[in-house]
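Trainee: Enclosed is the structure file input-v6.pdb (PDB, N, CA and C atoms and all ligand atoms).
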ATOM      1  N   MET A   7      24.729 -27.441 -24.266  1.00  0.00           N
ATOM      2  CA  MET A   7      23.455 -27.052 -24.906  1.00  0.00           C
ATOM      3  C   MET A   7      22.279 -27.678 -24.182  1.00  0.00           C
ATOM      4  N   LYS A   8      22.455 -28.967 -23.802  1.00  0.00           N
ATOM      5  CA  LYS A   8      21.395 -29.659 -23.083  1.00  0.00           C
ATOM      6  C   LYS A   8      21.068 -28.933 -21.777  1.00  0.00           C
ATOM      7  N   ARG A   9      22.122 -28.416 -21.177  1.00  0.00           N
ATOM      8  CA  ARG A   9      21.973 -27.717 -19.900  1.00  0.00           C
ATOM      9  C   ARG A   9      21.109 -26.466 -20.041  1.00  0.00           C
ATOM     10  N   ILE A  10      21.320 -25.744 -21.129  1.00  0.00           N
ATOM     11  CA  ILE A  10      20.546 -24.518 -21.369  1.00  0.00           C
ATOM     12  C   ILE A  10      19.063 -24.854 -21.525  1.00  0.00           C
ATOM     13  N   ILE A  11      18.788 -25.924 -22.266  1.00  0.00           N
ATOM     14  CA  ILE A  11      17.391 -26.338 -22.460  1.00  0.00           C
ATOM     15  C   ILE A  11      16.757 -26.701 -21.113  1.00  0.00           C
ATOM     16  N   LEU A  12      17.541 -27.387 -20.284  1.00  0.00           N
ATOM     17  CA  LEU A  12      17.050 -27.782 -18.967  1.00  0.00           C
ATOM     18  C   LEU A  12      16.705 -26.550 -18.132  1.00  0.00           C
ATOM     19  N   ILE A  13      17.600 -25.575 -18.143  1.00  0.00           N
ATOM     20  CA  ILE A  13      17.372 -24.332 -17.380  1.00  0.00           C
ATOM     21  C   ILE A  13      16.133 -23.613 -17.901  1.00  0.00           C
ATOM     22  N   LEU A  14      16.022 -23.542 -19.218  1.00  0.00           N
ATOM     23  CA  LEU A  14      14.874 -22.866 -19.823  1.00  0.00           C
ATOM     24  C   LEU A  14      13.571 -23.548 -19.441  1.00  0.00           C
ATOM     25  N   SER A  15      13.574 -24.885 -19.414  1.00  0.00           N
ATOM     26  CA  SER A  15      12.355 -25.615 -19.070  1.00  0.00           C
ATOM     27  C   SER A  15      11.992 -25.408 -17.604  1.00  0.00           C
ATOM     28  N   ILE A  16      13.013 -25.257 -16.761  1.00  0.00           N
ATOM     29  CA  ILE A  16      12.758 -24.982 -15.344  1.00  0.00           C
ATOM     30  C   ILE A  16      12.123 -23.602 -15.190  1.00  0.00           C
ATOM     31  N   ILE A  17      12.689 -22.618 -15.889  1.00  0.00           N
ATOM     32  CA  ILE A  17      12.152 -21.252 -15.831  1.00  0.00           C
ATOM     33  C   ILE A  17      10.706 -21.240 -16.325  1.00  0.00           C
ATOM     34  N   ALA A  18      10.456 -21.974 -17.424  1.00  0.00           N
ATOM     35  CA  ALA A  18       9.118 -22.030 -17.990  1.00  0.00           C
ATOM     36  C   ALA A  18       8.136 -22.646 -16.998  1.00  0.00           C
ATOM     37  N   SER A  19       8.544 -23.705 -16.325  1.00  0.00           N
ATOM     38  CA  SER A  19       7.646 -24.369 -15.381  1.00  0.00           C
ATOM     39  C   SER A  19       7.369 -23.486 -14.167  1.00  0.00           C
ATOM     40  N   ILE A  20       8.362 -22.703 -13.768  1.00  0.00           N
ATOM     41  CA  ILE A  20       8.165 -21.788 -12.636  1.00  0.00           C
ATOM     42  C   ILE A  20       7.157 -20.710 -13.010  1.00  0.00           C
ATOM     43  N   SER A  21       7.326 -20.135 -14.197  1.00  0.00           N
ATOM     44  CA  SER A  21       6.433 -19.048 -14.589  1.00  0.00           C
ATOM     45  C   SER A  21       5.009 -19.552 -14.825  1.00  0.00           C
ATOM     46  N   VAL A  22       4.875 -20.788 -15.301  1.00  0.00           N
ATOM     47  CA  VAL A  22       3.544 -21.361 -15.509  1.00  0.00           C
ATOM     48  C   VAL A  22       2.887 -21.631 -14.165  1.00  0.00           C
ATOM     49  N   GLY A  23       3.681 -22.138 -13.218  1.00  0.00           N
ATOM     50  CA  GLY A  23       3.131 -22.458 -11.906  1.00  0.00           C
ATOM     51  C   GLY A  23       2.771 -21.223 -11.104  1.00  0.00           C
ATOM     52  N   ASN A  24       3.305 -20.076 -11.513  1.00  0.00           N
ATOM     53  CA  ASN A  24       3.085 -18.858 -10.744  1.00  0.00           C
ATOM     54  C   ASN A  24       2.002 -17.990 -11.389  1.00  0.00           C
ATOM     55  N   THR A  25       0.864 -18.606 -11.678  1.00  0.00           N
ATOM     56  CA  THR A  25      -0.202 -17.867 -12.357  1.00  0.00           C
ATOM     57  C   THR A  25      -1.169 -17.216 -11.376  1.00  0.00           C
ATOM     58  N   THR A  26      -0.996 -17.472 -10.089  1.00  0.00           N
ATOM     59  CA  THR A  26      -1.883 -16.877  -9.097  1.00  0.00           C
ATOM     60  C   THR A  26      -1.724 -15.355  -9.111  1.00  0.00           C
ATOM     61  N   PRO A  27      -2.807 -14.636  -9.331  1.00  0.00           N
ATOM     62  CA  PRO A  27      -2.673 -13.170  -9.370  1.00  0.00           C
ATOM     63  C   PRO A  27      -2.293 -12.606  -8.013  1.00  0.00           C
ATOM     64  N   ILE A  28      -1.428 -11.629  -8.031  1.00  0.00           N
ATOM     65  CA  ILE A  28      -1.009 -10.989  -6.774  1.00  0.00           C
ATOM     66  C   ILE A  28      -2.140 -10.054  -6.331  1.00  0.00           C
ATOM     67  N   ASN A  29      -2.727 -10.379  -5.200  1.00  0.00           N
ATOM     68  CA  ASN A  29      -3.932  -9.681  -4.749  1.00  0.00           C
ATOM     69  C   ASN A  29      -3.633  -8.514  -3.812  1.00  0.00           C
ATOM     70  N   ILE A  30      -2.743  -7.652  -4.220  1.00  0.00           N
ATOM     71  CA  ILE A  30      -2.389  -6.516  -3.371  1.00  0.00           C
ATOM     72  C   ILE A  30      -3.590  -5.590  -3.201  1.00  0.00           C
ATOM     73  N   HIS A  31      -4.292  -5.353  -4.292  1.00  0.00           N
ATOM     74  CA  HIS A  31      -5.400  -4.391  -4.250  1.00  0.00           C
ATOM     75  C   HIS A  31      -6.547  -4.900  -3.389  1.00  0.00           C
ATOM     76  N   ALA A  32      -6.826  -6.194  -3.482  1.00  0.00           N
ATOM     77  CA  ALA A  32      -7.915  -6.751  -2.700  1.00  0.00           C
ATOM     78  C   ALA A  32      -7.607  -6.656  -1.213  1.00  0.00           C
ATOM     79  N   ARG A  33      -6.338  -6.778  -0.862  1.00  0.00           N
ATOM     80  CA  ARG A  33      -5.952  -6.757   0.540  1.00  0.00           C
ATOM     81  C   ARG A  33      -5.961  -5.322   1.095  1.00  0.00           C
ATOM     82  N   THR A  34      -5.372  -4.396   0.335  1.00  0.00           N
ATOM     83  CA  THR A  34      -5.267  -3.024   0.829  1.00  0.00           C
ATOM     84  C   THR A  34      -6.625  -2.325   0.824  1.00  0.00           C
ATOM     85  N   ARG A  35      -7.557  -2.825   0.026  1.00  0.00           N
ATOM     86  CA  ARG A  35      -8.891  -2.235  -0.021  1.00  0.00           C
ATOM     87  C   ARG A  35      -9.538  -2.277   1.358  1.00  0.00           C
ATOM     88  N   VAL A  36      -9.223  -3.319   2.107  1.00  0.00           N
ATOM     89  CA  VAL A  36      -9.863  -3.526   3.400  1.00  0.00           C
ATOM     90  C   VAL A  36      -9.401  -2.511   4.433  1.00  0.00           C
ATOM     91  N   ASP A  37      -8.102  -2.282   4.524  1.00  0.00           N
ATOM     92  CA  ASP A  37      -7.593  -1.434   5.605  1.00  0.00           C
ATOM     93  C   ASP A  37      -6.646  -0.353   5.085  1.00  0.00           C
ATOM     94  N   SER A  38      -6.947   0.209   3.936  1.00  0.00           N
ATOM     95  CA  SER A  38      -6.089   1.263   3.414  1.00  0.00           C
ATOM     96  C   SER A  38      -6.483   2.610   4.019  1.00  0.00           C
ATOM     97  N   VAL A  39      -5.485   3.433   4.229  1.00  0.00           N
ATOM     98  CA  VAL A  39      -5.709   4.759   4.800  1.00  0.00           C
ATOM     99  C   VAL A  39      -4.953   5.785   3.962  1.00  0.00           C
ATOM    100  N   TYR A  40      -5.219   7.056   4.216  1.00  0.00           N
ATOM    101  CA  TYR A  40      -4.554   8.130   3.488  1.00  0.00           C
ATOM    102  C   TYR A  40      -3.660   8.907   4.452  1.00  0.00           C
ATOM    103  N   ILE A  41      -2.450   9.175   4.009  1.00  0.00           N
ATOM    104  CA  ILE A  41      -1.542   9.967   4.841  1.00  0.00           C
ATOM    105  C   ILE A  41      -1.032  11.153   4.045  1.00  0.00           C
ATOM    106  N   CYS A  42      -0.749  12.228   4.770  1.00  0.00           N
ATOM    107  CA  CYS A  42      -0.129  13.402   4.175  1.00  0.00           C
ATOM    108  C   CYS A  42       1.370  13.283   4.405  1.00  0.00           C
ATOM    109  N   VAL A  43       2.116  13.150   3.323  1.00  0.00           N
ATOM    110  CA  VAL A  43       3.554  12.946   3.462  1.00  0.00           C
ATOM    111  C   VAL A  43       4.234  14.297   3.627  1.00  0.00           C
ATOM    112  N   SER A  44       4.330  14.745   4.873  1.00  0.00           N
ATOM    113  CA  SER A  44       5.006  15.998   5.182  1.00  0.00           C
ATOM    114  C   SER A  44       5.605  15.905   6.574  1.00  0.00           C
ATOM    115  N   ALA A  45       6.412  16.887   6.930  1.00  0.00           N
ATOM    116  CA  ALA A  45       7.063  16.881   8.233  1.00  0.00           C
ATOM    117  C   ALA A  45       6.049  17.065   9.353  1.00  0.00           C
ATOM    118  N   THR A  46       4.917  17.698   9.044  1.00  0.00           N
ATOM    119  CA  THR A  46       3.926  17.991  10.083  1.00  0.00           C
ATOM    120  C   THR A  46       2.777  16.996  10.082  1.00  0.00           C
ATOM    121  N   GLY A  47       2.709  16.125   9.104  1.00  0.00           N
ATOM    122  CA  GLY A  47       1.605  15.168   9.034  1.00  0.00           C
ATOM    123  C   GLY A  47       1.862  13.960   9.901  1.00  0.00           C
ATOM    124  N   HIS A  48       1.001  13.748  10.883  1.00  0.00           N
ATOM    125  CA  HIS A  48       1.177  12.612  11.784  1.00  0.00           C
ATOM    126  C   HIS A  48      -0.085  11.770  11.901  1.00  0.00           C
ATOM    127  N   LYS A  49      -1.083  12.092  11.098  1.00  0.00           N
ATOM    128  CA  LYS A  49      -2.348  11.384  11.205  1.00  0.00           C
ATOM    129  C   LYS A  49      -2.621  10.602   9.928  1.00  0.00           C
ATOM    130  N   TYR A  50      -3.230   9.436  10.107  1.00  0.00           N
ATOM    131  CA  TYR A  50      -3.731   8.724   8.925  1.00  0.00           C
ATOM    132  C   TYR A  50      -5.246   8.865   8.890  1.00  0.00           C
ATOM    133  N   HIS A  51      -5.760   8.924   7.683  1.00  0.00           N
ATOM    134  CA  HIS A  51      -7.176   9.244   7.493  1.00  0.00           C
ATOM    135  C   HIS A  51      -7.909   8.108   6.788  1.00  0.00           C
ATOM    136  N   ASP A  52      -9.128   7.900   7.240  1.00  0.00           N
ATOM    137  CA  ASP A  52      -9.988   6.899   6.628  1.00  0.00           C
ATOM    138  C   ASP A  52     -10.651   7.460   5.376  1.00  0.00           C
ATOM    139  N   ASN A  53     -10.893   8.755   5.403  1.00  0.00           N
ATOM    140  CA  ASN A  53     -11.638   9.423   4.341  1.00  0.00           C
ATOM    141  C   ASN A  53     -10.707  10.324   3.536  1.00  0.00           C
ATOM    142  N   ARG A  54     -10.697  10.140   2.229  1.00  0.00           N
ATOM    143  CA  ARG A  54      -9.851  10.944   1.333  1.00  0.00           C
ATOM    144  C   ARG A  54     -10.272  12.420   1.364  1.00  0.00           C
ATOM    145  N   ASP A  55     -11.530  12.685   1.696  1.00  0.00           N
ATOM    146  CA  ASP A  55     -12.053  14.052   1.694  1.00  0.00           C
ATOM    147  C   ASP A  55     -12.044  14.686   3.086  1.00  0.00           C
ATOM    148  N   CYS A  56     -11.292  14.104   3.995  1.00  0.00           N
ATOM    149  CA  CYS A  56     -11.231  14.614   5.367  1.00  0.00           C
ATOM    150  C   CYS A  56     -10.667  16.037   5.402  1.00  0.00           C
ATOM    151  N   HIS A  57     -11.155  16.840   6.360  1.00  0.00           N
ATOM    152  CA  HIS A  57     -10.678  18.217   6.512  1.00  0.00           C
ATOM    153  C   HIS A  57      -9.174  18.248   6.798  1.00  0.00           C
ATOM    154  N   GLY A  58      -8.725  17.267   7.571  1.00  0.00           N
ATOM    155  CA  GLY A  58      -7.309  17.207   7.909  1.00  0.00           C
ATOM    156  C   GLY A  58      -6.454  17.020   6.668  1.00  0.00           C
ATOM    157  N   LEU A  59      -6.946  16.258   5.722  1.00  0.00           N
ATOM    158  CA  LEU A  59      -6.196  16.033   4.480  1.00  0.00           C
ATOM    159  C   LEU A  59      -6.304  17.227   3.547  1.00  0.00           C
ATOM    160  N   ALA A  60      -7.408  17.952   3.640  1.00  0.00           N
ATOM    161  CA  ALA A  60      -7.607  19.121   2.776  1.00  0.00           C
ATOM    162  C   ALA A  60      -6.533  20.164   3.034  1.00  0.00           C
ATOM    163  N   ARG A  61      -6.011  20.174   4.267  1.00  0.00           N
ATOM    164  CA  ARG A  61      -4.963  21.134   4.626  1.00  0.00           C
ATOM    165  C   ARG A  61      -3.594  20.693   4.113  1.00  0.00           C
ATOM    166  N   CYS A  62      -3.508  19.454   3.692  1.00  0.00           N
ATOM    167  CA  CYS A  62      -2.223  18.912   3.270  1.00  0.00           C
ATOM    168  C   CYS A  62      -1.754  19.575   1.980  1.00  0.00           C
ATOM    169  N   THR A  63      -0.564  20.137   2.038  1.00  0.00           N
ATOM    170  CA  THR A  63      -0.013  20.780   0.843  1.00  0.00           C
ATOM    171  C   THR A  63       1.034  19.890   0.180  1.00  0.00           C
ATOM    172  N   HIS A  64       1.239  18.708   0.780  1.00  0.00           N
ATOM    173  CA  HIS A  64       2.221  17.776   0.239  1.00  0.00           C
ATOM    174  C   HIS A  64       1.506  16.618  -0.452  1.00  0.00           C
ATOM    175  N   GLU A  65       2.263  15.598  -0.718  1.00  0.00           N
ATOM    176  CA  GLU A  65       1.713  14.426  -1.392  1.00  0.00           C
ATOM    177  C   GLU A  65       0.786  13.654  -0.452  1.00  0.00           C
ATOM    178  N   ILE A  66      -0.382  13.277  -0.950  1.00  0.00           N
ATOM    179  CA  ILE A  66      -1.283  12.414  -0.197  1.00  0.00           C
ATOM    180  C   ILE A  66      -1.092  10.997  -0.727  1.00  0.00           C
ATOM    181  N   ARG A  67      -0.714  10.107   0.182  1.00  0.00           N
ATOM    182  CA  ARG A  67      -0.390   8.747  -0.234  1.00  0.00           C
ATOM    183  C   ARG A  67      -1.350   7.762   0.401  1.00  0.00           C
ATOM    184  N   LYS A  68      -1.740   6.750  -0.384  1.00  0.00           N
ATOM    185  CA  LYS A  68      -2.613   5.696   0.118  1.00  0.00           C
ATOM    186  C   LYS A  68      -1.752   4.522   0.546  1.00  0.00           C
ATOM    187  N   VAL A  69      -1.832   4.164   1.814  1.00  0.00           N
ATOM    188  CA  VAL A  69      -1.043   3.051   2.336  1.00  0.00           C
ATOM    189  C   VAL A  69      -1.940   2.170   3.192  1.00  0.00           C
ATOM    190  N   SER A  70      -1.431   1.020   3.590  1.00  0.00           N
ATOM    191  CA  SER A  70      -2.196   0.179   4.503  1.00  0.00           C
ATOM    192  C   SER A  70      -2.120   0.775   5.901  1.00  0.00           C
ATOM    193  N   LYS A  71      -3.126   0.500   6.701  1.00  0.00           N
ATOM    194  CA  LYS A  71      -3.170   1.062   8.052  1.00  0.00           C
ATOM    195  C   LYS A  71      -1.954   0.597   8.859  1.00  0.00           C
ATOM    196  N   ALA A  72      -1.590  -0.654   8.705  1.00  0.00           N
ATOM    197  CA  ALA A  72      -0.434  -1.193   9.423  1.00  0.00           C
ATOM    198  C   ALA A  72       0.840  -0.438   9.048  1.00  0.00           C
ATOM    199  N   GLN A  73       0.946  -0.108   7.777  1.00  0.00           N
ATOM    200  CA  GLN A  73       2.129   0.615   7.309  1.00  0.00           C
ATOM    201  C   GLN A  73       2.138   2.039   7.855  1.00  0.00           C
ATOM    202  N   ALA A  74       0.970   2.668   7.892  1.00  0.00           N
ATOM    203  CA  ALA A  74       0.876   4.033   8.421  1.00  0.00           C
ATOM    204  C   ALA A  74       1.293   4.069   9.887  1.00  0.00           C
ATOM    205  N   ILE A  75       0.841   3.093  10.649  1.00  0.00           N
ATOM    206  CA  ILE A  75       1.180   3.016  12.074  1.00  0.00           C
ATOM    207  C   ILE A  75       2.684   2.811  12.231  1.00  0.00           C
ATOM    208  N   LYS A  76       3.218   1.939  11.377  1.00  0.00           N
ATOM    209  CA  LYS A  76       4.651   1.661  11.411  1.00  0.00           C
ATOM    210  C   LYS A  76       5.467   2.913  11.104  1.00  0.00           C
ATOM    211  N   MET A  77       4.908   3.786  10.262  1.00  0.00           N
ATOM    212  CA  MET A  77       5.595   5.016   9.884  1.00  0.00           C
ATOM    213  C   MET A  77       5.415   6.112  10.931  1.00  0.00           C
ATOM    214  N   GLY A  78       4.670   5.814  12.008  1.00  0.00           N
ATOM    215  CA  GLY A  78       4.537   6.774  13.096  1.00  0.00           C
ATOM    216  C   GLY A  78       3.269   7.609  13.049  1.00  0.00           C
ATOM    217  N   TYR A  79       2.358   7.241  12.160  1.00  0.00           N
ATOM    218  CA  TYR A  79       1.108   7.983  12.062  1.00  0.00           C
ATOM    219  C   TYR A  79       0.088   7.421  13.054  1.00  0.00           C
ATOM    220  N   SER A  80      -0.779   8.297  13.559  1.00  0.00           N
ATOM    221  CA  SER A  80      -1.860   7.869  14.436  1.00  0.00           C
ATOM    222  C   SER A  80      -3.201   8.240  13.808  1.00  0.00           C
ATOM    223  N   ALA A  81      -4.269   7.668  14.346  1.00  0.00           N
ATOM    224  CA  ALA A  81      -5.593   7.838  13.756  1.00  0.00           C
ATOM    225  C   ALA A  81      -6.068   9.291  13.837  1.00  0.00           C
ATOM    226  N   CYS A  82      -6.652   9.776  12.762  1.00  0.00           N
ATOM    227  CA  CYS A  82      -7.222  11.120  12.721  1.00  0.00           C
ATOM    228  C   CYS A  82      -8.481  11.155  13.591  1.00  0.00           C
ATOM    229  N   LYS A  83      -8.620  12.229  14.360  1.00  0.00           N
ATOM    230  CA  LYS A  83      -9.764  12.329  15.270  1.00  0.00           C
ATOM    231  C   LYS A  83     -11.060  12.612  14.527  1.00  0.00           C
ATOM    232  N   ILE A  84     -10.959  13.169  13.352  1.00  0.00           N
ATOM    233  CA  ILE A  84     -12.162  13.454  12.569  1.00  0.00           C
ATOM    234  C   ILE A  84     -12.674  12.159  11.917  1.00  0.00           C
ATOM    235  N   CYS A  85     -11.741  11.404  11.359  1.00  0.00           N
ATOM    236  CA  CYS A  85     -12.124  10.174  10.659  1.00  0.00           C
ATOM    237  C   CYS A  85     -12.507   9.053  11.644  1.00  0.00           C
ATOM    238  N   TYR A  86     -11.790   8.973  12.759  1.00  0.00           N
ATOM    239  CA  TYR A  86     -12.007   7.893  13.720  1.00  0.00           C
ATOM    240  C   TYR A  86     -12.533   8.474  15.025  1.00  0.00           C
ATOM    241  N   LYS A  87     -13.840   8.636  15.083  1.00  0.00           N
ATOM    242  CA  LYS A  87     -14.435   9.248  16.275  1.00  0.00           C
ATOM    243  C   LYS A  87     -14.585   8.220  17.384  1.00  0.00           C
TER     244      LYS A  87
HETATM  245 ZN    ZN B 101      -9.103  12.566   8.889  1.00  0.00          ZN
END
Would you mind writing the file's structure down as structure tokens?
Mentor:
Amino acid sequence: MKRIILILSIIASISVGNTTPINIHARTRVDSVYICVSATGHKYHDNRDCHGLARCTHEIRKVSKAQAIKMGYSACKICYK
């Protein structure tokens, strides 16, 4: 029984110590891009209203620029002149 209390107190201390908010949104806000998730989509876009994205008939996903590059996407010529 003592052991269970010890484990519980450890879990409690971990969860209390982990109060730092996960700043995913603040980070992706800086370099997030839009991609068209389709077999023909190879460009990432800076602007959600880009003409290239308007043609997209598939899902438009917001990802980080690093992730888009990793997925094989390159910069859109309209968005990145
Ligand atoms: Zn574009």
Trainee: Kindly indicate which residue among A:Ala18, A:Ala45, A:Ala72, A:Val39 lies nearest to ligand ZN 101 (chain B), using only C-alpha atoms and all ligand atoms for the distances.
Mentor: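 Comparing A:Ala18, A:Ala45, A:Ala72, A:Val39 against ligand ZN 101 (chain B), the winner is A:Val39.
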Trainee: With the file shown as input, list the residues that the PyMOL selection byres (((not hetatm) and name CA) within 6 of (chain B and resi 101)) selects, as a PyMOL selection string.
Mentor: chain A and resi 51+56+58+82+84-85
Trainee: Between A:Tyr50, A:Cys62, A:Cys42, A:Lys8, which one has atoms that come closest to Ile75 of chain A, using all atoms listed in the file?
Mentor: A:Tyr50
Trainee: List the residues matched by the PyMOL selection byres (((chain A and resi 40 and name CA) around 9) and not hetatm and name CA) in the displayed structure as a ChimeraX atom specification, ordered by chain and then by residue number.
Mentor: /A:38-39,41-42,49-54,59,66-71,74
Trainee: Hey, can you check how far atom CA of Gly78 of chain A sits from atom C of Gly47 of chain A?
Mentor: 8.3 Å
Trainee: Atom C of Lys87 of chain A to atom CA of Ala60 of chain A: how many Å, to one decimal?
Mentor: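 It comes out at 19.5 Å.
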Trainee: Just how far from atom N of His48 of chain A is atom N of His64 of chain A, in Å to one decimal?
Mentor: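 Taking atom N of His64 of chain A and atom N of His48 of chain A, their separation equals 11.3 Å.
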Trainee: Restricting the calculation to only C-alpha atoms, which member of A:Val43, A:Asp37, A:Arg9, A:Thr63 is positioned closest to Met77 of chain A?
Mentor: A:Val43
Trainee: Let me have the centre and edge lengths in Å, one decimal, of the box along x, y and z around every listed atom of segment 41-49 of chain A with 4 Å of margin on each side, as JSON.
Mentor:
{"center_x": 2.2, "center_y": 13.6, "center_z": 7.6, "size_x": 17.7, "size_y": 16.8, "size_z": 16.6}
Trainee: What are the DSSP strand (DSSP E) residues of segment 28-72 of chain A, as a ChimeraX atom specification?
Mentor: /A:38-43,49-51,65-70
